[in-house]
file entry.cif (mmCIF, C-alpha atoms)
data_input
#
loop_
_atom_site.group_PDB
_atom_site.id
_atom_site.type_symbol
_atom_site.label_atom_id
_atom_site.label_comp_id
_atom_site.auth_asym_id
_atom_site.auth_seq_id
_atom_site.Cartn_x
_atom_site.Cartn_y
_atom_site.Cartn_z
ATOM 1 C CA MET L 1 111.105 161.334 84.160
ATOM 2 C CA THR L 2 114.613 161.880 85.556
ATOM 3 C CA GLU L 3 114.770 164.105 88.630
ATOM 4 C CA VAL L 4 117.098 167.076 88.172
ATOM 5 C CA ASN L 5 119.842 167.513 90.764
ATOM 6 C CA PRO L 6 119.294 170.807 92.674
ATOM 7 C CA ILE L 7 122.908 171.901 92.085
ATOM 8 C CA GLU L 8 122.579 171.197 88.373
ATOM 9 C CA GLU L 9 119.288 173.077 88.256
ATOM 10 C CA GLU L 10 120.827 176.089 89.982
ATOM 11 C CA SER L 11 123.866 175.919 87.698
ATOM 12 C CA TYR L 12 121.623 176.066 84.635
ATOM 13 C CA ARG L 13 119.733 178.986 86.160
ATOM 14 C CA ILE L 14 122.985 180.901 86.637
ATOM 15 C CA LEU L 15 124.199 179.966 83.156
ATOM 16 C CA ARG L 16 120.982 181.233 81.584
ATOM 17 C CA SER L 17 121.135 184.460 83.596
ATOM 18 C CA ARG L 18 124.526 185.148 82.019
ATOM 19 C CA ALA L 19 123.902 183.934 78.484
ATOM 20 C CA ASP L 20 120.604 183.727 76.634
ATOM 21 C CA LEU L 21 120.844 180.838 74.184
ATOM 22 C CA SER L 22 117.101 180.545 73.592
ATOM 23 C CA ALA L 23 117.490 181.616 69.953
ATOM 24 C CA LEU L 24 119.600 178.552 69.149
ATOM 25 C CA PRO L 25 117.981 175.463 67.615
ATOM 26 C CA PRO L 26 116.937 173.070 70.419
ATOM 27 C CA LEU L 27 119.602 170.390 70.034
ATOM 28 C CA THR L 28 122.375 172.925 69.504
ATOM 29 C CA ARG L 29 121.191 174.754 72.581
ATOM 30 C CA ALA L 30 121.078 171.596 74.676
ATOM 31 C CA VAL L 31 124.609 170.590 73.680
ATOM 32 C CA THR L 32 126.032 174.087 74.095
ATOM 33 C CA GLU L 33 124.462 174.563 77.508
ATOM 34 C CA ARG L 34 125.648 171.146 78.682
ATOM 35 C CA ILE L 35 129.212 171.887 77.620
ATOM 36 C CA VAL L 36 129.195 175.310 79.258
ATOM 37 C CA TYR L 37 127.667 173.766 82.389
ATOM 38 C CA SER L 38 130.344 171.052 82.448
ATOM 39 C CA THR L 39 133.287 173.396 81.858
ATOM 40 C CA ALA L 40 132.136 176.765 83.253
ATOM 41 C CA ASP L 41 133.599 178.168 80.034
ATOM 42 C CA PHE L 42 131.311 180.549 78.161
ATOM 43 C CA GLU L 43 133.732 180.784 75.237
ATOM 44 C CA TYR L 44 132.280 177.520 73.966
ATOM 45 C CA ILE L 45 129.156 179.443 72.955
ATOM 46 C CA THR L 46 131.047 180.908 70.009
ATOM 47 C CA ASP L 47 133.683 178.166 69.679
ATOM 48 C CA LEU L 48 131.365 175.215 69.030
ATOM 49 C CA VAL L 49 130.331 174.288 65.506
ATOM 50 C CA CYS L 50 127.000 172.485 65.698
ATOM 51 C CA ASP L 51 124.847 171.183 62.876
ATOM 52 C CA GLU L 52 121.264 170.653 63.975
ATOM 53 C CA ALA L 53 120.597 167.943 61.373
ATOM 54 C CA ALA L 54 123.729 166.041 62.431
ATOM 55 C CA LEU L 55 122.748 166.273 66.083
ATOM 56 C CA ALA L 56 119.250 165.014 65.222
ATOM 57 C CA ALA L 57 120.821 162.068 63.400
ATOM 58 C CA GLY L 58 122.811 161.322 66.542
ATOM 59 C CA VAL L 59 119.687 161.379 68.695
ATOM 60 C CA ASP L 60 117.882 159.061 66.273
ATOM 61 C CA ALA L 61 120.865 156.702 66.278
ATOM 62 C CA LEU L 62 120.851 156.562 70.071
ATOM 63 C CA ARG L 63 117.152 155.743 70.047
ATOM 64 C CA ARG L 64 117.949 152.839 67.728
ATOM 65 C CA GLY L 65 120.708 151.598 70.029
ATOM 66 C CA ALA L 66 123.675 152.596 67.852
ATOM 67 C CA ARG L 67 127.179 151.576 68.857
ATOM 68 C CA VAL L 68 129.236 154.291 70.524
ATOM 69 C CA VAL L 69 133.030 154.442 70.324
ATOM 70 C CA ALA L 70 135.249 156.611 72.546
ATOM 71 C CA ASP L 71 138.870 157.436 71.854
ATOM 72 C CA ALA L 72 139.977 157.423 75.489
ATOM 73 C CA GLY L 73 139.102 155.907 78.820
ATOM 74 C CA MET L 74 138.301 159.321 80.297
ATOM 75 C CA VAL L 75 135.769 159.963 77.545
ATOM 76 C CA ALA L 76 134.175 156.552 78.095
ATOM 77 C CA ALA L 77 134.081 157.124 81.860
ATOM 78 C CA GLY L 78 132.253 160.410 81.376
ATOM 79 C CA ILE L 79 129.462 158.780 79.374
ATOM 80 C CA THR L 80 126.788 157.570 81.752
ATOM 81 C CA GLY L 81 124.079 155.017 81.149
ATOM 82 C CA TYR L 82 125.120 153.852 77.679
ATOM 83 C CA PRO L 83 127.573 151.099 76.631
ATOM 84 C CA VAL L 84 130.772 152.397 75.064
ATOM 85 C CA ILE L 85 133.432 150.681 72.971
ATOM 86 C CA CYS L 86 136.901 151.876 73.984
ATOM 87 C CA LYS L 87 139.911 149.875 72.830
ATOM 88 C CA VAL L 88 142.668 152.197 74.013
ATOM 89 C CA GLY L 89 143.545 149.995 76.985
ATOM 90 C CA ASP L 90 143.623 146.736 75.012
ATOM 91 C CA SER L 91 146.983 145.021 74.559
ATOM 92 C CA LEU L 92 146.147 144.569 70.883
ATOM 93 C CA SER L 93 145.988 148.343 70.498
ATOM 94 C CA GLN L 94 149.481 148.583 71.944
ATOM 95 C CA ARG L 95 150.791 145.973 69.509
ATOM 96 C CA LEU L 96 149.053 147.523 66.511
ATOM 97 C CA SER L 97 150.447 150.910 67.506
ATOM 98 C CA ARG L 98 153.991 149.540 67.345
ATOM 99 C CA THR L 99 153.626 147.473 64.187
ATOM 100 C CA ALA L 100 151.626 150.032 62.156
ATOM 101 C CA ASN L 101 153.460 153.097 63.489
ATOM 102 C CA LEU L 102 150.261 154.610 64.883
ATOM 103 C CA THR L 103 149.504 156.337 68.135
ATOM 104 C CA VAL L 104 147.749 154.054 70.594
ATOM 105 C CA SER L 105 144.598 156.176 70.249
ATOM 106 C CA ALA L 106 144.575 155.807 66.463
ATOM 107 C CA ALA L 107 145.231 152.066 66.768
ATOM 108 C CA ALA L 108 142.325 151.760 69.202
ATOM 109 C CA ILE L 109 140.013 153.546 66.775
ATOM 110 C CA ARG L 110 141.123 151.255 63.958
ATOM 111 C CA LEU L 111 140.391 148.186 66.064
ATOM 112 C CA ALA L 112 136.946 149.496 66.982
ATOM 113 C CA PHE L 113 135.740 149.680 63.376
ATOM 114 C CA GLY L 114 134.905 146.005 63.071
ATOM 115 C CA GLU L 115 132.876 146.033 66.271
ATOM 116 C CA ALA L 116 131.120 149.347 65.663
ATOM 117 C CA GLY L 117 130.221 149.072 61.991
ATOM 118 C CA PRO L 118 128.344 151.766 60.046
ATOM 119 C CA GLY L 119 125.894 154.045 61.803
ATOM 120 C CA ALA L 120 127.931 154.339 65.001
ATOM 121 C CA ILE L 121 128.604 157.471 67.027
ATOM 122 C CA TRP L 122 132.316 158.278 67.400
ATOM 123 C CA VAL L 123 133.264 160.407 70.417
ATOM 124 C CA VAL L 124 136.776 161.873 70.290
ATOM 125 C CA GLY L 125 137.832 164.120 73.135
ATOM 126 C CA CYS L 126 141.543 163.557 73.559
ATOM 127 C CA ALA L 127 143.637 162.591 70.557
ATOM 128 C CA PRO L 128 143.714 164.397 67.206
ATOM 129 C CA THR L 129 145.214 161.225 65.716
ATOM 130 C CA ALA L 130 142.090 159.307 66.748
ATOM 131 C CA LEU L 131 139.908 161.824 64.926
ATOM 132 C CA GLU L 132 142.162 161.615 61.875
ATOM 133 C CA GLU L 133 141.785 157.817 61.935
ATOM 134 C CA VAL L 134 137.990 158.107 61.958
ATOM 135 C CA MET L 135 138.184 160.234 58.831
ATOM 136 C CA ARG L 136 140.870 158.111 57.179
ATOM 137 C CA ARG L 137 138.868 154.897 57.497
ATOM 138 C CA GLU L 138 135.898 156.380 55.609
ATOM 139 C CA VAL L 139 133.447 155.230 58.229
ATOM 140 C CA GLN L 140 129.734 155.895 57.722
ATOM 141 C CA PRO L 141 128.894 157.408 61.093
ATOM 142 C CA ALA L 142 125.615 158.604 62.475
ATOM 143 C CA LEU L 143 127.612 161.361 64.180
ATOM 144 C CA VAL L 144 131.198 162.261 64.985
ATOM 145 C CA ILE L 145 131.742 164.283 68.143
ATOM 146 C CA GLY L 146 135.219 165.613 67.464
ATOM 147 C CA VAL L 147 136.617 167.862 70.188
ATOM 148 C CA PRO L 148 140.228 166.708 70.778
ATOM 149 C CA VAL L 149 142.410 169.022 72.831
ATOM 150 C CA GLY L 150 145.986 170.215 72.469
ATOM 151 C CA PHE L 151 148.478 172.452 70.742
ATOM 152 C CA VAL L 152 149.615 169.812 68.237
ATOM 153 C CA GLY L 153 147.078 168.931 65.584
ATOM 154 C CA ALA L 154 143.858 169.466 67.526
ATOM 155 C CA ALA L 155 142.525 172.530 65.716
ATOM 156 C CA ALA L 156 143.702 171.191 62.353
ATOM 157 C CA SER L 157 142.009 167.824 62.855
ATOM 158 C CA LYS L 158 138.739 169.532 63.741
ATOM 159 C CA GLN L 159 138.982 171.746 60.683
ATOM 160 C CA ALA L 160 139.541 168.621 58.593
ATOM 161 C CA LEU L 161 136.474 167.034 60.182
ATOM 162 C CA ARG L 162 134.326 169.982 59.165
ATOM 163 C CA ALA L 163 135.758 169.869 55.649
ATOM 164 C CA SER L 164 135.021 166.126 55.412
ATOM 165 C CA ARG L 165 131.272 166.794 55.466
ATOM 166 C CA LEU L 166 130.740 163.925 57.879
ATOM 167 C CA PRO L 167 127.828 164.568 60.280
ATOM 168 C CA ALA L 168 129.734 166.186 63.107
ATOM 169 C CA LEU L 169 129.975 168.385 66.144
ATOM 170 C CA SER L 170 133.295 170.139 66.650
ATOM 171 C CA ASN L 171 134.890 173.334 67.910
ATOM 172 C CA VAL L 172 137.288 175.758 66.294
ATOM 173 C CA SER L 173 139.975 176.328 68.898
ATOM 174 C CA GLU L 174 142.699 174.130 70.385
ATOM 175 C CA LYS L 175 140.652 173.482 73.490
ATOM 176 C CA GLY L 176 138.283 170.589 74.035
ATOM 177 C CA GLY L 177 138.859 167.376 75.972
ATOM 178 C CA SER L 178 137.181 164.429 77.597
ATOM 179 C CA ALA L 179 134.715 166.444 79.662
ATOM 180 C CA VAL L 180 133.571 168.376 76.589
ATOM 181 C CA ALA L 181 133.139 165.244 74.472
ATOM 182 C CA ALA L 182 131.236 163.420 77.206
ATOM 183 C CA ALA L 183 129.054 166.464 77.896
ATOM 184 C CA ALA L 184 128.049 166.702 74.241
ATOM 185 C CA PHE L 185 127.180 163.015 74.129
ATOM 186 C CA ASN L 186 125.293 163.100 77.430
ATOM 187 C CA ALA L 187 123.201 166.052 76.250
ATOM 188 C CA LEU L 188 122.094 164.097 73.195
ATOM 189 C CA PHE L 189 121.531 160.924 75.182
ATOM 190 C CA ARG L 190 119.361 162.808 77.668
ATOM 191 C CA ILE L 191 117.223 164.065 74.794
ATOM 192 C CA ALA L 192 117.083 160.618 73.188
ATOM 193 C CA THR L 193 115.687 159.119 76.376
ATOM 194 C CA ALA L 194 113.329 161.995 77.219
ATOM 195 C CA ASP L 195 109.653 162.172 76.316
ATOM 196 C CA GLN L 196 110.186 165.279 74.184
ATOM 197 C CA PRO L 197 113.424 165.756 72.209
ATOM 198 C CA ALA L 198 114.061 169.389 73.019
ATOM 199 C CA ALA L 199 116.190 171.474 75.332
ATOM 200 C CA ARG L 200 114.710 172.410 78.686
ATOM 201 C CA ALA L 201 113.061 175.809 78.691
#

call {"tool": "encode", "arguments": {"input": "entry.cif", "output": "structure tokens"}}
result
Amino acid sequence: MTEVNPIEEESYRILRSRADLSALPPLTRAVTERIVYSTADFEYITDLVCDEAALAAGVDALRRGARVVADAGMVAAGITGYPVICKVGDSLSQRLSRTANLTVSAAAIRLAFGEAGPGAIWVVGCAPTALEEVMRREVQPALVIGVPVGFVGAAASKQALRASRLPALSNVSEKGGSAVAAAAFNALFRIATADQPAARA
């Protein structure tokens, strides 16, 4: 059993003294608390759109060793203890971006499809164009964590993700980012590797 860092434990105590999320389903609660813990932003409690069945599918996929794809190096760096495919720094992504008139993030997602295959978990925390590429390619994901950030296209891409009916976790507003995406993934990974797949009481 993983030992909890005392600062993390105290942070969760403070969080729970300010917001009682015990009525949420266990996976939704675990993800929400982890994101609030990682950002110190309580607005995520009402901003996140979680689907318990989709989160459960993500946990099951992690237990089976599913491939995980990140849209940006910062997202990949925030994921601890699990291998991540991230093509954004590859020279081929740069070339594809120029020749196909894509953003580098979208090109990197396109290149990752062959390596990831169906049943992967896609973690998008930076680029709305990366999230759009996931949807455009009609992938069969175990889960899409779609929380890109920004004033241009972020909220719209997340709305499109929800409308796509792909198994997903998203948020409504323009905010999001690498830390949020990694926190959501790490919450699910912690559950997948724990003895009991439930949020801590």

call {"tool": "residues_around", "arguments": {"input": "entry.cif", "residues": "Arg136 of chain L", "least_positions_apart": "3", "cutoff": "12 Å", "atoms": "only C-alpha atoms", "output": "list in words"}}
result
Ala106, Ile109, Arg110, Phe113, Thr129, Ala130, Leu131, Glu132, Glu133, Val139, Gln140, Ser157, Ala160, Leu161, Ser164 and Leu166 of chain L

call {"tool": "closest_residue", "arguments": {"input": "entry.cif", "among": "L:Arg29, L:Lys87, L:Arg34, L:Arg18", "to": "Ala181 of chain L", "atoms": "all atoms listed in the file"}}
result
L:Arg34

call {"tool": "atom_distance", "arguments": {"input": "entry.cif", "atom1": "atom CA of Gly58 of chain L", "atom2": "atom CA of Ile121 of chain L"}}
result
7.0 Å

call {"tool": "closest_atom_pairs", "arguments": {"input": "entry.cif", "of": "segment 10-44 of chain L", "to": "segment 185-192 of chain L", "cutoff": "9 Å", "atoms": "all atoms listed in the file", "output": "tab-separated table"}}
result
residue	atom	partner	partner_atom	distance
L:Leu27	CA	L:Leu188	CA	7.5
L:Ala30	CA	L:Ala187	CA	6.1
L:Val31	CA	L:Ala187	CA	5.4
L:Thr32	CA	L:Ala187	CA	8.8
L:Glu33	CA	L:Ala187	CA	8.7
L:Arg34	CA	L:Ala187	CA	6.2
L:Ile35	CA	L:Ala187	CA	8.5

call {"tool": "atom_distance", "arguments": {"input": "entry.cif", "atom1": "atom CA of Val134 of chain L", "atom2": "atom CA of Gly81 of chain L"}}
result
23.9 Å

call {"tool": "resolve_selection", "arguments": {"input": "entry.cif", "expression": "the PyMOL selection byres ((chain L and resi 117) around 10)", "output": "compact mmCIF listing (two decimals) with C-alpha atoms, in the coordinates of the input"}}
result
# COMPACT_ATOMS: atom_id res chain seq x y z
CA ALA L 66 123.68 152.60 67.85
CA ARG L 67 127.18 151.58 68.86
CA ALA L 112 136.95 149.50 66.98
CA PHE L 113 135.74 149.68 63.38
CA GLY L 114 134.90 146.00 63.07
CA GLU L 115 132.88 146.03 66.27
CA ALA L 116 131.12 149.35 65.66
CA PRO L 118 128.34 151.77 60.05
CA GLY L 119 125.89 154.04 61.80
CA ALA L 120 127.93 154.34 65.00
CA ILE L 121 128.60 157.47 67.03
CA VAL L 139 133.45 155.23 58.23
CA GLN L 140 129.73 155.90 57.72
CA PRO L 141 128.89 157.41 61.09

call {"tool": "closest_residue", "arguments": {"input": "entry.cif", "among": "L:Gly150, L:Pro6, L:Pro167, L:Pro83", "to": "Leu55 of chain L", "atoms": "all atoms listed in the file"}}
result
L:Pro167

call {"tool": "resolve_selection", "arguments": {"input": "entry.cif", "expression": "the PyMOL selection byres ((chain L and resi 168) around 8)", "output": "PyMOL selection string"}}
result
chain L and resi 50-51+54-55+143-146+161-162+165-167+169-170
